[in-house]
Amino acid sequence: MSPPDAAAGPERATDEARDADRALVAAARHSAGRTVAVLGCAVAAAAAALAEPAVLGHTLDLLLRRDPSGSIWILLCAAVIAAEVALDAAAARLTGEVEGRSTARLRRLGIARLLGTAPHHAARHAPGDSAARLTAHATEAGKVPAAVAHAVASLLPPIGAVIALFLIDVWTALAFLAGVPLLALLLRTFARSTFTSVARYQQVQLATAGLLVEALAGARTIAAAGTAERERARILARLPELAAEGRRMWQVYGGTTARSAALVPLLLYAVLAVGGIRLSAGALGVGELLAVMRYAGLAAGVGGVTGALAAVVRGRAAARRTTALLALPVLEHGRAELPEGGPGTLELRGVRVVRAGSAVLRDIDLVIPGGTTVAVVGRSGSGKTLFAAVAGRLTDPDAGRVLLDGVPLPELTAEALRREVGYAFDRPALFGDTVADAIGFGSGPDPGHEAVRVAARAAGADAFVRRLPQGYGTPLADAPMSGGEVQRLGLARAFCRAGRLLVLDDATSSLDTVTAREVERALAHEVRPGTRIVVAHRLSSAVRADLVVWLEEGRVRAAARHQELWGSEPDYRAVFAAGPAEAAGAQATPDPVPGARAEAERRRTAAGKREVAP
């Protein structure tokens with residue numbers, strides 16, 4: 001490894017720690033009033049705890065002397081104790097509120113960043129990894145603002161107690177201070193060792209959670225392959241490491257507790273011995289000796305400081321995991337709108353996309369006229385899906401520009417972009433409570449029941465939806481569907497909110513040939529006119545398209561009508577590996593849907609003369 005690479009690790013760790021601390025400061029500001037209230041209550045409770053030994057000692061001296069004012073001091077003792085209890089209770093309640101608000105804020109920011117970044121950036125973190133960062137680790141990180149307040153307050157009793165010891169008797173204070181260096185060393189070792197063990201524990205926990213979610217998502221494949229035992233072993237492979245880090249973490253905490261348990265009594269005995277000598281010499285009273293012992297106990301209260309410090313250390317380590325999501329780049333949007341009635345002309349100028357240091361798309365210069373249906377074809381790995389993602393701005397190119405009706409996509413508002421650019425995918429995720437909700441899902445107003453039905457019919461989904469127990473009102477969880485039926489609902493969702501550009505990324509791959517042709521026919525006749533980009537694997541999709549964009553190794557090898565490419569390019573025919581019958585059909589019929597293209601053109605012309613509702 002080169003020296004710069006070696007230096008990158010510590011520098012990156014420092015940057016991550018700094019980012020995590022900034023996020024925690026922002027979380028504290030989000031609940032600034034409550035955090036200050038926690039600090040105020042905790043400090044006031046600590047002050048009451050500091051006053052208590054002095055008040056008790058003085059009261060005892062008064063009672064031993066049978067002083068008449070002793071009864072008043074008894075009431076004062078009760079008031080101090082009651083105030084300490086009440087302030088501790090208030091601090092505990094406010095702590096819960098601060099922790100909840102801070103955790104919620106970290107989760108909201110993390111989720112917003114995950115959903116606001118390009119899909120390939122979000123894919124840096126596996127689903128299980130992201131879930132762990134947003135649940136357990138966010139909860140731990142959310143405790144930090146209140147934990148810092150308690151840690152600050154926990155320093156007050158020891159420091160104040162040492163000062164009180166000096167005020168009561170210098171010799172007892174010096175006896176206690178003799179052991180302070182050992183206490184300081186104990187705390188320093190605890191903080192350093194705890195941070196390291198907690199960070200390792202959380203790292204292994206994240207990896208295990210990611211493997212578990214991956215296995216759950218592929219449960220059917222694992223069952224069919226008969227590899228359940230192998231997967232169980234793979235998921236649990238790092239469990240011994242997790243257990244070892246957990247034991248080490250508790251060993252550090254237990255060792256610190258054990259050492260403090262041995263050190264603190266020795267200090268108290270030393271203070272008691274010196275105090276007894278001073279009492280016998282008449283330099284201290286009985287009440288003062290009681291106060292000295294109570295203050296020595298407070299000054300040696302390493303347990304309170306250790307607990308608060310441990311919470312801060314664990315929270316900071318967890319915050320580094322959670323705030324890693326906040327480092328994901330966000331797709332920024334502009335303020336521009338698309339021209340009204342635009343045909344959906346798409347331009348790609350000098351587009352280049354790099355992944356893992358290699359150009360996956362390069363030198364893409366292409367103009368797709370508005371209202372055109374384009375089939376994007378090519379062998380596996382040629383860049384078809386990435387082309388589709390760039391066309392509708394699911395991701396931005398590393399170089400070049402993409403324009404829709406003359407407006408660069410990054411300059412559009414998020415609302416305008418998603419209102420006019422729609423997608424359908426090969427494996428759609430369905431959102432909403434019911435089937436109707438899943439079809440109407442999207443930004444903007446509810447499309448209405450009739451629009452949902454029309455879109456479902458266009459996607460060939462209406463018939464099977466009506467056979468469900470409650471039709472369109474069937475809860476998604478109670479709607480058993482095949483892969484093809486789920487894909488049809490995804491198409492229906494895209495059709496329901498179709499804009500001037502619609503991208504179908506292998507969106508009919510699970511449909512049979514007849515259903516796929518019906519969907520293509522409906523797309524030409526029943527869905528809002530506009531530009532269509534179809535990532536195609538079927539020969540029939542290329543045959544029906546107005547234009548075929550043929551990708552090879554990330555470049556546009558050709559852009560022409562299917563019939564031209566089929567007759568002149570053997571490599572193009574090899575992309576489909578079509579049988580003789582299909583090949584003959586591909587050459588014989590330029591337009592397998594009679595009149596469809598003419599009808600679509602007529603509707604596009606009419607659409608250009610009026611404002612089309614989104």
# chains A, B, ... in the order shown; residues from 1 in each chain; ligands from 1
call {"tool": "select_by_dssp", "arguments": {"residues": "range 445-564 of chain A", "states": "helix (DSSP H, G or I)", "output": "ChimeraX atom specification"}}
result
/A:449-458,462-466,471-473,476-478,483-496,513-525,539-544,562-564
call {"tool": "atom_distance", "arguments": {"atom1": "CA of Gly392 in chain A", "atom2": "CA of Ala455 in chain A"}}
result
20.9 Å
call {"tool": "atom_distance", "arguments": {"atom1": "CA of Thr434 in chain A", "atom2": "CA of Arg108 in chain A"}}
result
25.3 Å
call {"tool": "closest_atom_pairs", "arguments": {"of": "range 224-337 of chain A", "to": "range 54-78 of chain A", "cutoff": "8 Å", "atoms": "only C-alpha atoms", "output": "Markdown table"}}
result
| residue | atom | partner | partner_atom | distance |
| --- | --- | --- | --- | --- |
| A:Gly285 | CA | A:Asp61 | CA | 7.3 |
| A:Val286 | CA | A:Asp61 | CA | 6.7 |
| A:Gly287 | CA | A:Gly57 | CA | 3.8 |
| A:Glu288 | CA | A:Gly57 | CA | 5.5 |
| A:Leu289 | CA | A:Gly57 | CA | 7.6 |
| A:Leu290 | CA | A:Gly57 | CA | 5.7 |
| A:Ala291 | CA | A:Gly57 | CA | 5.2 |
call {"tool": "closest_residue", "arguments": {"among": "A:Val421, A:Arg497, A:Ala542, A:Phe431", "to": "Asp446 in chain A", "atoms": "only C-alpha atoms"}}
result
A:Arg497
call {"tool": "closest_atom_pairs", "arguments": {"of": "range 499-566 of chain A", "to": "range 448-454 of chain A", "cutoff": "12 Å", "atoms": "only C-alpha atoms", "output": "tab-separated table"}}
result
residue	atom	partner	partner_atom	distance
A:Ala522	CA	A:Val454	CA	10.3
A:Leu523	CA	A:Val454	CA	11.6
A:His525	CA	A:Val454	CA	11.8
A:Glu526	CA	A:Val454	CA	8.2
A:Val527	CA	A:Val454	CA	8.9
A:Arg528	CA	A:Val454	CA	11.4
call {"tool": "residues_around", "arguments": {"residues": "range 228-233 of chain A", "least_positions_apart": "5", "cutoff": "10 Å", "atoms": "only C-alpha atoms", "output": "compact mmCIF listing (two decimals) with C-alpha atoms, in the first residue's frame"}}
result
# COMPACT_ATOMS: atom_id res chain seq x y z
CA LEU A 211 -26.50 -11.01 5.56
CA LEU A 212 -29.74 -11.78 7.40
CA ALA A 215 -31.14 -14.29 3.12
CA ALA A 219 -35.73 -17.29 1.07
CA THR A 221 -34.13 -19.48 -3.71
CA ILE A 222 -32.45 -20.87 -0.59
CA ALA A 223 -35.33 -23.30 -0.01
CA ARG A 238 -19.19 -13.87 12.57
CA LEU A 239 -21.28 -14.58 15.64
call {"tool": "residues_around", "arguments": {"residues": "Val152 in chain A", "least_positions_apart": "6", "cutoff": "10 Å", "atoms": "only C-alpha atoms", "output": "MDAnalysis selection string"}}
result
chainID A and resid 39 42:43 146 305 308:309
call {"tool": "write_last_selection", "arguments": {"atoms": "N, CA, C and O atoms", "output": "short mmCIF file (atom, residue, chain, number, x, y, z; two decimals), in the first residue's frame"}}
result
data_model
loop_
_atom_site.label_atom_id
_atom_site.label_comp_id
_atom_site.auth_asym_id
_atom_site.auth_seq_id
_atom_site.Cartn_x
_atom_site.Cartn_y
_atom_site.Cartn_z
N LEU A 39 -29.92 19.61 31.26
CA LEU A 39 -28.69 20.05 31.91
C LEU A 39 -29.00 20.82 33.18
O LEU A 39 -28.36 20.60 34.23
N ALA A 42 -30.27 18.39 35.88
CA ALA A 42 -29.20 17.52 36.35
C ALA A 42 -28.20 18.29 37.20
O ALA A 42 -27.73 17.80 38.25
N VAL A 43 -27.85 19.52 36.77
CA VAL A 43 -26.92 20.33 37.57
C VAL A 43 -27.55 20.74 38.89
O VAL A 43 -26.88 20.70 39.95
N ALA A 146 -28.53 14.17 25.52
CA ALA A 146 -28.88 14.11 26.94
C ALA A 146 -27.75 13.50 27.76
O ALA A 146 -27.51 13.91 28.90
N VAL A 305 -19.71 9.07 36.72
CA VAL A 305 -18.97 9.61 35.58
C VAL A 305 -18.74 8.53 34.54
O VAL A 305 -18.89 8.76 33.33
N ALA A 308 -22.04 7.80 32.53
CA ALA A 308 -22.34 8.87 31.58
C ALA A 308 -21.34 8.88 30.43
O ALA A 308 -21.71 9.07 29.26
N LEU A 309 -20.06 8.66 30.75
CA LEU A 309 -19.03 8.63 29.72
C LEU A 309 -19.25 7.46 28.77
O LEU A 309 -19.08 7.59 27.56
#
call {"tool": "decode", "arguments": {"residues": "range 90-160 of chain A", "atoms": "C-alpha atoms", "output": "CSV table (one decimal), in the first residue's frame"}}
result
chain,number,residue,atom,x,y,z
A,90,ALA,CA,-37.7,15.8,36.0
A,91,ALA,CA,-34.3,15.2,34.4
A,92,ALA,CA,-35.2,11.6,33.7
A,93,ARG,CA,-38.5,12.6,32.0
A,94,LEU,CA,-36.8,15.3,29.9
A,95,THR,CA,-34.1,12.9,29.0
A,96,GLY,CA,-36.6,10.5,27.4
A,97,GLU,CA,-38.1,13.4,25.3
A,98,VAL,CA,-34.7,14.6,24.1
A,99,GLU,CA,-33.6,11.1,23.2
A,100,GLY,CA,-36.8,10.5,21.3
A,101,ARG,CA,-36.6,13.7,19.4
A,102,SER,CA,-32.9,13.3,18.6
A,103,THR,CA,-33.4,9.8,17.4
A,104,ALA,CA,-36.3,10.7,15.2
A,105,ARG,CA,-34.4,13.6,13.7
A,106,LEU,CA,-31.4,11.3,12.8
A,107,ARG,CA,-33.8,8.8,11.3
A,108,ARG,CA,-35.6,11.4,9.3
A,109,LEU,CA,-32.4,12.8,7.9
A,110,GLY,CA,-31.0,9.3,7.1
A,111,ILE,CA,-34.2,8.2,5.3
A,112,ALA,CA,-34.5,11.5,3.4
A,113,ARG,CA,-30.9,11.1,2.2
A,114,LEU,CA,-31.4,7.5,1.2
A,115,LEU,CA,-34.5,8.3,-0.8
A,116,GLY,CA,-33.0,11.5,-2.2
A,117,THR,CA,-29.8,10.1,-3.6
A,118,ALA,CA,-29.4,8.2,-6.8
A,119,PRO,CA,-30.2,4.5,-6.5
A,120,HIS,CA,-26.6,3.4,-7.1
A,121,HIS,CA,-25.4,5.5,-4.3
A,122,ALA,CA,-28.1,4.1,-1.9
A,123,ALA,CA,-27.0,0.6,-3.0
A,124,ARG,CA,-23.6,1.2,-1.3
A,125,HIS,CA,-25.4,0.1,1.9
A,126,ALA,CA,-27.2,-3.2,1.9
A,127,PRO,CA,-30.8,-3.2,3.1
A,128,GLY,CA,-29.9,-4.9,6.4
A,129,ASP,CA,-27.0,-2.5,6.9
A,130,SER,CA,-29.2,0.5,6.4
A,131,ALA,CA,-32.0,-0.9,8.6
A,132,ALA,CA,-29.5,-1.4,11.5
A,133,ARG,CA,-28.1,2.1,11.0
A,134,LEU,CA,-31.5,3.7,11.1
A,135,THR,CA,-32.8,1.6,14.1
A,136,ALA,CA,-30.5,0.4,16.8
A,137,HIS,CA,-27.6,2.7,15.9
A,138,ALA,CA,-29.8,5.8,15.5
A,139,THR,CA,-31.4,5.0,18.9
A,140,GLU,CA,-28.0,4.8,20.5
A,141,ALA,CA,-26.8,8.0,18.8
A,142,GLY,CA,-29.9,9.8,19.8
A,143,LYS,CA,-29.0,9.4,23.5
A,144,VAL,CA,-25.8,11.5,23.1
A,145,PRO,CA,-27.2,15.0,23.6
A,146,ALA,CA,-28.9,14.1,26.9
A,147,ALA,CA,-25.9,11.9,27.9
A,148,VAL,CA,-23.5,14.8,27.4
A,149,ALA,CA,-25.7,16.9,29.7
A,150,HIS,CA,-25.7,14.2,32.3
A,151,ALA,CA,-21.9,13.7,31.9
A,152,VAL,CA,-21.4,17.4,32.5
A,153,ALA,CA,-23.6,17.4,35.5
A,154,SER,CA,-21.9,14.2,36.8
A,155,LEU,CA,-18.6,16.1,37.1
A,156,LEU,CA,-20.1,18.6,39.5
A,157,PRO,CA,-20.4,16.3,42.5
A,158,PRO,CA,-16.8,15.1,42.5
A,159,ILE,CA,-15.3,18.5,41.8
A,160,GLY,CA,-17.6,20.3,44.3
